[in-house]
$ cat upload-v1.tsv   # TSV, C-alpha atoms
chain	number	residue	atom	x	y	z
A	83	MET	CA	13.68	24.63	-28.11
A	84	PRO	CA	11.71	21.57	-26.89
A	85	THR	CA	9.19	21.92	-24.08
A	86	PHE	CA	10.36	18.73	-22.41
A	87	THR	CA	13.91	17.45	-22.02
A	88	ARG	CA	15.25	14.50	-20.03
A	89	ASP	CA	16.69	14.91	-16.55
A	90	THR	CA	20.43	15.29	-16.39
A	91	HIS	CA	20.99	16.10	-12.70
A	92	ILE	CA	18.64	14.33	-10.25
A	93	PHE	CA	16.90	11.21	-11.55
A	94	ARG	CA	18.66	8.65	-13.71
A	95	ASP	CA	15.84	6.06	-13.33
A	96	GLU	CA	13.15	7.26	-10.93
A	97	ASP	CA	11.15	4.05	-11.37
A	98	MET	CA	13.65	2.42	-9.02
A	99	LEU	CA	12.18	4.48	-6.15
A	100	ARG	CA	8.54	3.62	-6.86
A	101	ASP	CA	6.28	1.20	-4.99
A	102	ASP	CA	6.14	-1.40	-7.73
A	103	TYR	CA	9.89	-1.71	-8.33
A	104	GLN	CA	11.22	-5.18	-7.59
A	105	PRO	CA	14.92	-5.14	-6.62
A	106	GLN	CA	17.20	-7.82	-8.05
A	107	SER	CA	18.60	-8.56	-4.59
A	108	ILE	CA	17.24	-8.27	-1.04
A	109	MET	CA	19.16	-6.46	1.68
A	110	ALA	CA	18.96	-6.62	5.50
A	111	ARG	CA	16.60	-9.61	5.52
A	112	GLU	CA	19.02	-12.54	5.74
A	113	ALA	CA	17.27	-14.33	8.62
A	114	GLU	CA	13.83	-13.95	7.02
A	115	LEU	CA	15.13	-15.14	3.65
A	116	SER	CA	16.65	-18.22	5.28
A	117	ALA	CA	13.46	-19.14	7.14
A	118	TYR	CA	11.35	-18.49	4.03
A	119	LYS	CA	13.63	-20.61	1.85
A	120	THR	CA	13.37	-23.50	4.32
A	121	ALA	CA	9.57	-23.22	4.28
A	122	LEU	CA	9.51	-23.39	0.46
A	123	GLN	CA	11.97	-26.31	0.16
A	124	PRO	CA	9.25	-29.01	-0.05
A	125	VAL	CA	8.10	-27.50	-3.36
A	126	ILE	CA	11.43	-28.13	-5.08
A	127	ASN	CA	11.36	-31.68	-3.66
A	128	GLY	CA	8.01	-32.30	-5.31
A	129	ALA	CA	6.27	-32.61	-1.95
A	130	GLN	CA	3.10	-31.02	-0.62
A	131	PRO	CA	3.92	-27.33	0.00
A	132	ARG	CA	3.82	-25.88	3.49
A	133	ASN	CA	1.52	-23.01	4.32
A	134	VAL	CA	3.36	-19.86	5.33
A	135	PHE	CA	2.21	-16.83	7.30
A	136	LEU	CA	4.22	-13.59	7.09
A	137	TYR	CA	3.50	-10.63	9.34
A	138	GLY	CA	5.04	-7.25	10.06
A	139	LYS	CA	4.38	-3.56	9.52
A	140	THR	CA	3.88	-2.00	6.10
A	141	GLY	CA	7.10	-1.46	4.14
A	142	VAL	CA	9.34	-3.95	5.96
A	143	GLY	CA	9.89	-6.23	2.96
A	144	LYS	CA	7.23	-8.96	3.21
A	145	THR	CA	5.93	-8.59	-0.34
A	146	ALA	CA	9.32	-7.76	-1.89
A	147	VAL	CA	10.93	-10.81	-0.29
A	148	SER	CA	8.00	-12.99	-1.37
A	149	ARG	CA	8.19	-11.86	-4.99
A	150	TYR	CA	11.96	-12.31	-5.06
A	151	LEU	CA	11.98	-15.82	-3.56
A	152	LEU	CA	8.96	-17.09	-5.47
A	153	GLU	CA	10.48	-15.90	-8.74
A	154	GLN	CA	13.68	-17.76	-7.85
A	155	LEU	CA	11.63	-20.83	-6.91
A	156	GLN	CA	9.83	-20.81	-10.26
A	157	GLN	CA	13.10	-20.51	-12.17
A	158	ASP	CA	14.82	-23.26	-10.18
A	159	SER	CA	11.86	-25.65	-10.30
A	160	ALA	CA	11.80	-25.50	-14.11
A	161	GLN	CA	14.87	-27.79	-14.24
A	162	TYR	CA	12.96	-30.67	-12.62
A	163	ASP	CA	10.59	-32.66	-14.84
A	164	ASP	CA	8.52	-33.86	-11.89
A	165	VAL	CA	7.81	-30.34	-10.54
A	166	SER	CA	5.16	-28.14	-12.16
A	167	LEU	CA	4.81	-24.92	-10.16
A	168	SER	CA	2.24	-22.16	-10.60
A	169	VAL	CA	2.04	-19.05	-8.41
A	170	PHE	CA	-1.03	-16.82	-8.19
A	171	TRP	CA	-1.21	-13.50	-6.33
A	172	LEU	CA	-4.29	-11.82	-4.88
A	173	ASN	CA	-4.26	-8.54	-2.98
A	174	CYS	CA	-7.09	-8.61	-0.44
A	175	THR	CA	-7.13	-4.89	0.39
A	176	ASN	CA	-10.68	-4.38	-0.90
A	177	LEU	CA	-11.98	-7.81	0.11
A	178	SER	CA	-13.75	-8.39	3.43
A	179	SER	CA	-14.88	-12.02	3.39
A	180	SER	CA	-13.90	-15.54	2.40
A	181	TYR	CA	-16.62	-15.43	-0.27
A	182	GLN	CA	-15.06	-12.38	-1.94
A	183	VAL	CA	-11.59	-13.93	-1.79
A	184	ALA	CA	-12.87	-17.15	-3.38
A	185	VAL	CA	-14.67	-15.28	-6.19
A	186	ASN	CA	-11.57	-13.23	-6.97
A	187	LEU	CA	-9.39	-16.34	-6.97
A	188	VAL	CA	-11.73	-18.02	-9.45
A	189	ASN	CA	-11.50	-14.97	-11.70
A	190	THR	CA	-7.71	-14.84	-11.28
A	191	LEU	CA	-7.50	-18.43	-12.55
A	192	ARG	CA	-10.01	-17.93	-15.38
A	193	PRO	CA	-9.51	-16.04	-18.67
A	194	ALA	CA	-10.95	-12.52	-18.91
A	195	GLU	CA	-13.87	-13.63	-21.07
A	196	ASP	CA	-15.00	-16.29	-18.57
A	197	GLN	CA	-15.25	-14.37	-15.28
A	198	ILE	CA	-17.97	-15.06	-12.72
A	199	SER	CA	-20.13	-12.47	-10.99
A	200	THR	CA	-19.02	-11.19	-7.59
A	201	THR	CA	-22.50	-11.87	-6.18
A	202	GLY	CA	-25.32	-14.34	-6.62
A	203	TYR	CA	-23.61	-17.68	-5.95
A	204	PRO	CA	-23.90	-19.77	-2.77
A	205	GLN	CA	-20.53	-19.84	-1.02
A	206	GLN	CA	-20.07	-23.58	-1.42
A	207	ARG	CA	-20.70	-23.26	-5.16
A	208	VAL	CA	-17.93	-20.66	-5.40
A	209	PHE	CA	-15.58	-22.98	-3.49
A	210	ASP	CA	-16.49	-25.82	-5.89
A	211	LEU	CA	-15.68	-23.58	-8.88
A	212	LEU	CA	-12.38	-22.69	-7.24
A	213	TYR	CA	-11.48	-26.35	-6.77
A	214	GLU	CA	-12.32	-27.05	-10.42
A	215	GLU	CA	-10.01	-24.26	-11.59
A	216	LEU	CA	-7.20	-25.32	-9.25
A	217	ASP	CA	-7.40	-28.94	-10.37
A	218	ALA	CA	-7.33	-27.81	-14.00
A	219	VAL	CA	-3.99	-26.08	-13.33
A	220	GLY	CA	-2.46	-29.21	-11.82
A	221	GLY	CA	0.92	-29.70	-10.16
A	222	THR	CA	1.92	-27.49	-7.24
A	223	VAL	CA	-0.04	-24.26	-6.85
A	224	LEU	CA	0.99	-21.52	-4.43
A	225	ILE	CA	-1.64	-18.89	-3.68
A	226	VAL	CA	-0.29	-15.66	-2.20
A	227	LEU	CA	-2.91	-13.68	-0.28
A	228	ASP	CA	-1.43	-10.23	0.36
A	229	GLU	CA	-3.06	-7.97	2.99
A	230	ILE	CA	-5.04	-11.02	4.12
A	231	ASP	CA	-6.01	-9.32	7.41
A	232	HIS	CA	-8.65	-7.32	5.53
A	233	ILE	CA	-10.99	-10.32	5.56
A	234	GLY	CA	-11.27	-9.99	9.36
A	235	THR	CA	-12.67	-12.95	11.24
A	236	ASP	CA	-14.29	-14.57	8.18
A	237	ASP	CA	-11.34	-16.92	7.70
A	238	GLU	CA	-12.96	-20.06	6.25
A	239	ILE	CA	-11.09	-19.73	2.94
A	240	LEU	CA	-7.83	-20.03	4.89
A	241	TYR	CA	-8.94	-23.43	6.15
A	242	GLU	CA	-10.54	-24.68	2.94
A	243	ILE	CA	-7.67	-24.25	0.48
A	244	PRO	CA	-4.87	-25.90	2.53
A	245	ARG	CA	-7.17	-28.85	3.34
A	246	ALA	CA	-8.75	-29.17	-0.11
A	247	ARG	CA	-6.53	-32.07	-1.21
A	248	SER	CA	-6.83	-34.07	2.01
A	249	ASN	CA	-10.60	-33.51	1.98
A	250	GLY	CA	-10.88	-34.97	-1.53
A	251	TYR	CA	-11.73	-31.76	-3.39
A	252	LEU	CA	-8.47	-31.79	-5.37
A	253	THR	CA	-6.75	-34.74	-7.04
A	254	ALA	CA	-4.32	-33.27	-9.61
A	255	THR	CA	-3.15	-30.25	-7.60
A	256	LYS	CA	-1.13	-29.75	-4.42
A	257	PRO	CA	-2.11	-26.33	-3.03
A	258	GLY	CA	-0.23	-24.10	-0.60
A	259	VAL	CA	-1.20	-20.74	0.86
A	260	ILE	CA	1.11	-17.85	1.69
A	261	GLY	CA	-0.68	-15.27	3.82
A	262	ILE	CA	0.83	-11.79	4.23
A	263	SER	CA	-0.48	-9.46	6.94
A	264	ASN	CA	0.36	-6.00	8.29
A	265	ASP	CA	-1.75	-6.67	11.38
A	266	PHE	CA	0.15	-8.28	14.26
A	267	GLY	CA	-3.13	-9.21	15.95
A	268	PHE	CA	-4.68	-10.93	12.91
A	269	ARG	CA	-3.09	-14.28	13.72
A	270	ASP	CA	-4.47	-14.19	17.26
A	271	ASN	CA	-8.00	-13.68	15.93
A	272	LEU	CA	-7.88	-16.67	13.60
A	273	SER	CA	-9.93	-19.70	14.53
A	274	PRO	CA	-7.89	-22.57	16.04
A	275	LYS	CA	-8.39	-24.81	13.00
A	276	VAL	CA	-7.06	-22.09	10.68
A	277	LYS	CA	-4.02	-21.48	12.89
A	278	ASP	CA	-3.18	-25.18	12.61
A	279	THR	CA	-3.23	-25.03	8.79
A	280	LEU	CA	-2.19	-21.53	7.68
A	281	CYS	CA	0.43	-20.96	10.35
A	282	GLU	CA	2.56	-24.07	9.73
A	283	GLU	CA	5.47	-21.70	9.17
A	284	GLU	CA	5.42	-18.18	10.64
A	285	ILE	CA	7.95	-15.50	9.70
A	286	HIS	CA	8.00	-12.15	11.48
A	287	PHE	CA	9.46	-9.15	9.64
A	288	SER	CA	10.68	-6.61	12.19
A	289	PRO	CA	11.07	-2.88	11.35
A	290	TYR	CA	14.33	-1.83	9.73
A	291	ASN	CA	16.81	0.20	11.77
A	292	ALA	CA	18.55	3.33	10.46
A	293	PRO	CA	21.77	1.67	9.17
A	294	GLU	CA	19.73	-0.97	7.32
A	295	LEU	CA	17.54	1.70	5.73
A	296	GLU	CA	20.56	3.75	4.73
A	297	ALA	CA	22.11	0.69	3.08
A	298	ILE	CA	18.87	0.06	1.16
A	299	LEU	CA	18.71	3.70	0.05
A	300	ASP	CA	22.36	3.69	-0.97
A	301	ARG	CA	21.87	0.58	-3.13
A	302	ARG	CA	18.70	1.95	-4.71
A	303	ALA	CA	20.17	5.43	-5.28
A	304	GLU	CA	23.06	3.96	-7.30
A	305	GLY	CA	20.66	3.30	-10.15
A	306	ALA	CA	17.88	5.78	-9.44
A	307	LEU	CA	19.95	8.97	-9.11
A	308	PHE	CA	22.80	10.53	-11.04
A	309	ASP	CA	26.21	10.64	-9.41
A	310	ASP	CA	26.50	13.50	-6.89
A	311	ALA	CA	22.71	14.06	-6.98
A	312	THR	CA	22.52	14.34	-3.19
A	313	GLU	CA	24.41	16.51	-0.76
A	314	SER	CA	26.21	14.78	2.09
A	315	GLY	CA	23.90	13.30	4.71
A	316	VAL	CA	20.69	13.22	2.67
A	317	LEU	CA	20.38	9.42	2.57
A	318	ALA	CA	21.23	9.17	6.27
A	319	LEU	CA	18.57	11.76	7.08
A	320	CYS	CA	15.89	9.91	5.09
A	321	ALA	CA	16.87	6.68	6.84
A	322	ALA	CA	16.85	8.26	10.30
A	323	ILE	CA	13.41	9.84	9.84
A	324	ALA	CA	11.89	6.57	8.62
A	325	ALA	CA	13.61	4.49	11.33
A	326	GLN	CA	12.31	6.75	14.09
A	327	ASP	CA	8.78	6.68	12.68
A	328	THR	CA	7.85	3.30	11.17
A	329	GLY	CA	11.05	1.43	10.33
A	330	SER	CA	9.66	1.19	6.80
A	331	ALA	CA	11.80	1.04	3.68
A	332	ARG	CA	8.82	2.34	1.75
A	333	GLN	CA	8.73	5.50	3.86
A	334	ALA	CA	12.47	6.06	3.43
A	335	LEU	CA	12.22	5.59	-0.35
A	336	ASP	CA	9.17	7.87	-0.56
A	337	LEU	CA	11.05	10.57	1.33
A	338	LEU	CA	14.00	10.39	-1.04
A	339	TYR	CA	11.75	10.35	-4.11
A	340	GLN	CA	9.64	13.28	-2.90
A	341	ALA	CA	12.77	15.25	-1.99
A	342	GLY	CA	14.13	14.56	-5.46
A	343	GLU	CA	10.93	15.83	-7.06
A	344	LEU	CA	11.14	19.03	-5.02
A	345	ALA	CA	14.77	19.54	-6.09
A	346	ARG	CA	13.87	18.87	-9.73
A	347	ALA	CA	10.94	21.30	-9.61
A	348	ALA	CA	13.28	23.99	-8.26
A	349	SER	CA	15.86	23.19	-11.01
A	350	HIS	CA	18.48	22.31	-8.40
A	351	ASP	CA	21.46	20.09	-9.18
A	352	LYS	CA	21.38	18.30	-5.83
A	353	ILE	CA	18.87	17.06	-3.28
A	354	THR	CA	19.45	18.91	-0.01
A	355	LYS	CA	18.49	18.21	3.60
A	356	ASP	CA	16.00	21.07	3.35
A	357	ASP	CA	14.35	19.19	0.47
A	358	VAL	CA	14.05	16.13	2.73
A	359	HIS	CA	12.43	18.13	5.54
A	360	GLU	CA	10.00	19.73	3.10
A	361	ALA	CA	9.24	16.31	1.60
A	362	ARG	CA	8.55	14.95	5.08
A	363	ASN	CA	6.01	17.71	5.75
A	364	LYS	CA	4.36	17.18	2.37
A	365	LEU	CA	4.08	13.42	2.84
A	366	GLU	CA	2.71	13.81	6.36
A	367	ARG	CA	0.01	16.16	5.05
A	368	SER	CA	-0.85	13.63	2.36
A	369	GLN	CA	-1.05	10.80	4.91
A	370	ILE	CA	-3.30	12.84	7.18
A	371	GLU	CA	-5.58	13.71	4.27
A	372	HIS	CA	-5.79	10.03	3.33
A	373	GLY	CA	-6.54	9.17	6.96
A	374	MET	CA	-9.46	11.59	7.02
A	375	ARG	CA	-10.93	10.17	3.82
A	376	GLU	CA	-10.68	6.60	5.11
A	377	LEU	CA	-12.63	7.28	8.32
A	378	THR	CA	-16.00	5.64	8.95
A	379	ARG	CA	-19.23	7.58	8.49
A	380	HIS	CA	-19.33	8.51	12.17
A	381	GLY	CA	-15.66	9.45	12.04
A	382	HIS	CA	-16.57	11.90	9.28
A	383	LEU	CA	-19.45	13.27	11.36
A	384	SER	CA	-17.16	13.78	14.35
A	385	LEU	CA	-14.60	15.51	12.14
A	386	VAL	CA	-17.18	17.92	10.72
A	387	ALA	CA	-18.53	18.68	14.21
A	388	VAL	CA	-15.08	19.72	15.45
A	389	LEU	CA	-14.48	21.73	12.24
A	390	GLN	CA	-17.69	23.70	12.79
A	391	LEU	CA	-16.71	24.53	16.36
A	392	ALA	CA	-13.20	25.51	15.28
A	393	LEU	CA	-14.62	27.92	12.70
A	394	GLU	CA	-16.89	29.49	15.31
A	395	SER	CA	-14.58	29.82	18.31
A	396	GLY	CA	-11.11	28.41	17.67
A	397	GLY	CA	-10.84	25.78	20.43
A	398	PRO	CA	-9.86	23.64	22.26
A	399	PHE	CA	-13.11	21.77	22.90
A	400	ARG	CA	-14.39	19.20	25.34
A	401	VAL	CA	-16.57	16.25	24.41
A	402	ARG	CA	-19.52	18.04	25.99
A	403	ASP	CA	-19.03	20.82	23.38
A	404	ILE	CA	-18.55	18.52	20.40
A	405	TYR	CA	-21.31	15.98	21.02
A	406	PRO	CA	-24.30	18.35	20.50
A	407	GLN	CA	-22.84	19.48	17.18
A	408	TYR	CA	-22.24	15.86	16.19
A	409	ARG	CA	-25.85	14.94	17.00
A	410	THR	CA	-27.23	17.86	15.01
A	411	ILE	CA	-25.15	17.08	11.91
A	412	SER	CA	-26.06	13.37	12.17
A	413	GLU	CA	-29.79	14.12	12.35
A	414	GLN	CA	-29.62	16.64	9.50
A	415	SER	CA	-27.86	13.96	7.44
A	416	ASP	CA	-30.51	11.32	8.33
A	417	ILE	CA	-27.93	9.22	10.19
A	418	ASP	CA	-28.66	7.77	13.62
A	419	PRO	CA	-26.14	9.32	16.04
A	420	LEU	CA	-24.02	7.22	18.36
A	421	VAL	CA	-24.12	7.60	22.11
A	422	ARG	CA	-21.63	10.07	23.55
A	423	ARG	CA	-19.12	7.43	24.66
A	424	ARG	CA	-18.94	5.85	21.19
A	425	MET	CA	-18.57	9.25	19.53
A	426	HIS	CA	-15.70	9.92	21.93
A	427	ASP	CA	-13.96	6.80	20.54
A	428	HIS	CA	-13.99	8.42	17.09
A	429	LEU	CA	-12.38	11.56	18.51
A	430	ALA	CA	-9.65	9.35	19.96
A	431	ASP	CA	-9.14	7.85	16.48
A	432	LEU	CA	-8.76	11.34	15.01
A	433	ALA	CA	-6.12	12.11	17.63
A	434	MET	CA	-4.28	8.86	16.93
A	435	LEU	CA	-4.14	9.76	13.22
A	436	GLY	CA	-2.59	13.14	14.03
A	437	ILE	CA	-5.64	15.10	12.85
A	438	LEU	CA	-6.55	16.33	16.33
A	439	ASP	CA	-4.42	17.20	19.33
A	440	ARG	CA	-5.73	15.67	22.55
A	441	ARG	CA	-4.74	17.00	25.97
A	442	SER	CA	-5.76	15.64	29.36
A	443	ARG	CA	-7.02	18.16	31.93
A	444	ASN	CA	-7.53	17.61	35.64
A	445	GLU	CA	-9.45	20.17	37.69
A	446	GLY	CA	-9.42	18.12	40.85
A	447	ARG	CA	-12.51	17.31	42.82
A	448	SER	CA	-14.43	20.31	41.50
A	449	GLY	CA	-14.03	19.67	37.79
A	450	GLY	CA	-12.65	16.16	37.46
A	451	GLN	CA	-10.48	14.83	34.62
A	452	TYR	CA	-11.36	15.30	30.95
A	453	TYR	CA	-9.88	15.63	27.46
A	454	GLU	CA	-9.68	18.70	25.26
A	455	TYR	CA	-9.43	18.52	21.46
A	456	GLU	CA	-8.29	20.92	18.75
A	457	PHE	CA	-7.00	20.56	15.22
A	458	ALA	CA	-3.36	19.63	14.66
A	459	VAL	CA	-3.69	20.46	10.94
A	460	GLY	CA	-4.88	23.49	8.99
A	461	LEU	CA	-8.62	24.09	8.72
A	462	ASN	CA	-8.33	24.60	4.96
A	463	LEU	CA	-6.91	21.08	4.59
A	464	VAL	CA	-9.80	19.65	6.61
A	465	ALA	CA	-12.38	21.66	4.68
A	466	ASN	CA	-10.92	20.46	1.38
A	467	VAL	CA	-11.43	16.85	2.49
A	468	VAL	CA	-14.92	17.20	3.99
A	469	SER	CA	-16.14	18.90	0.80
A	470	ASP	CA	-16.15	15.41	-0.72
A	471	PHE	CA	-18.39	13.90	2.00
A	472	GLU	CA	-21.44	13.54	-0.21
A	473	ALA	CA	-23.63	11.70	2.33
A	474	LEU	CA	-23.38	14.44	4.98
A	475	THR	CA	-25.28	17.70	5.31
A	476	LEU	CA	-22.54	20.20	6.10
A	477	PRO	CA	-23.15	23.16	8.47
A	478	ARG	CA	-23.40	26.63	6.91
A	479	ARG	CA	-20.05	27.84	8.28
A	480	VAL	CA	-18.29	24.81	6.83
A	481	VAL	CA	-19.92	25.35	3.43
A	482	GLU	CA	-18.89	29.02	3.49
A	483	LEU	CA	-15.27	28.08	4.17
A	484	ILE	CA	-15.27	25.56	1.33
A	485	GLN	CA	-16.78	28.14	-1.04
A	486	SER	CA	-14.17	30.73	-0.04
A	487	MET	CA	-11.44	28.30	-1.10
A	488	GLU	CA	-12.81	27.85	-4.64
$ encode --input "upload-v1.tsv" --output "structure tokens"
Amino acid sequence: MPTFTRDTHIFRDEDMLRDDYQPQSIMAREAELSAYKTALQPVINGAQPRNVFLYGKTGVGKTAVSRYLLEQLQQDSAQYDDVSLSVFWLNCTNLSSSYQVAVNLVNTLRPAEDQISTTGYPQQRVFDLLYEELDAVGGTVLIVLDEIDHIGTDDEILYEIPRARSNGYLTATKPGVIGISNDFGFRDNLSPKVKDTLCEEEIHFSPYNAPELEAILDRRAEGALFDDATESGVLALCAAIAAQDTGSARQALDLLYQAGELARAASHDKITKDDVHEARNKLERSQIEHGMRELTRHGHLSLVAVLQLALESGGPFRVRDIYPQYRTISEQSDIDPLVRRRMHDHLADLAMLGILDRRSRNEGRSGGQYYEYEFAVGLNLVANVVSDFEALTLPRRVVELIQSME
């Protein structure tokens, strides 16, 4: 008897529920598709492309719609002899400056054996190399900068590329930039000259509502799951949870996928509502763990300080209790501690991420108003994460807890 056999009850094609799956049609985004198509029309006419700025929360279809429409645009433009269209994508998640974006664009345009170093060049030299590569491509070039908000306020690249032709840096190429951002405030922080160029066309992607999410899940489940793989109400429950939280199709799809994996692991024939609730809890724990790992250095120090107190006396704790522990751990780790007010900001971040519970207390004139903090997640989960904080000197009680888990 073989060790592995193919699924026959839950997943028909689980890849259709994954992050990188590109649907053949787009649902519940008719207005955005129409506006986007209008913005791209100059390309098919052989004119200078417009610059487009898309914004909205994670998982609301910005990237999926972009990939769908740009693929259609490339196919349709191929029938016109006077249109030569190239599309290049760059995800800016790990990039924090215009210099880094420019270097990565150069390397995106160049073959693997001719890449340039990520450091060591003057910025203008990198821009010059970028213009050379763009002009070598020729025709119309659309550059898609996904997660562009990660570059912060260093937005010079967003001015340079759209203006490169009019400024005489390009002669054979007509460039256009499509910026995609999850940060609603990123546009407001752009310099005025960049707003005038990048934001020629702005398209806002609002969160999906529950019926829209259920329709998306229903369409995706047709191919991803076997017939009768879900009990009644499962798709509606996934849609309702995601709509109430983020309005994200990605969250709804992740819930269904995780619930399916739980049902498969238990050798069940159907995904149940209980599987969805368990999947929700599992995904929330994963998100919280990721949030802890992504904190700044001082966020990590604040987290460890509260963990030490929780191990010693349970909680809840005031800032006046936490700050001395934070200072001690900072000094033992050879890190300059922040002032109390700034450390308090990191506690507020931990509460916002769902790692800590924060409650306001008011003792009137005698005690005043203050906040109390305690963990909203299990201490073992926190200890598992902080065990990877290599730059910090962990308190003895925290080390003992970590060792007891091994």
$ closest_residue --input "upload-v1.tsv" --among "A:Ala311, A:Leu152, A:Ala458, A:Ala430" --to "Lys352 (chain A)" --atoms "all atoms listed in the file"
A:Ala311
$ closest_residue --input "upload-v1.tsv" --among "A:Pro398, A:Ile262, A:Glu413, A:Gly460" --to "Asp439 (chain A)" --atoms "all atoms listed in the file"
A:Pro398
$ closest_atom_pairs --input "upload-v1.tsv" --of "region 411-455 of chain A" --to "region 374-377 of chain A" --cutoff "10 Å" --atoms "only C-alpha atoms" --output "CSV"
residue,atom,partner,partner_atom,distance
A:His428,CA,A:Leu377,CA,8.9
A:Asp431,CA,A:Leu377,CA,8.9
A:Leu432,CA,A:Met374,CA,8.0
A:Leu435,CA,A:Met374,CA,8.4
A:Gly436,CA,A:Met374,CA,9.9
A:Ile437,CA,A:Met374,CA,7.8
$ atom_distance --input "upload-v1.tsv" --atom1 "CA of Gly221 (chain A)" --atom2 "CA of Gln154 (chain A)"
17.6 Å
$ closest_residue --input "upload-v1.tsv" --among "A:Leu212, A:Ile225, A:Leu299, A:Ile285" --to "Ser116 (chain A)" --atoms "all atoms listed in the file"
A:Ile285
$ residues_around --input "upload-v1.tsv" --residues "Asp164 (chain A)" --least-positions-apart "2" --cutoff "7 Å" --atoms "all atoms listed in the file" --output "ChimeraX atom specification"
/A:128,162,166
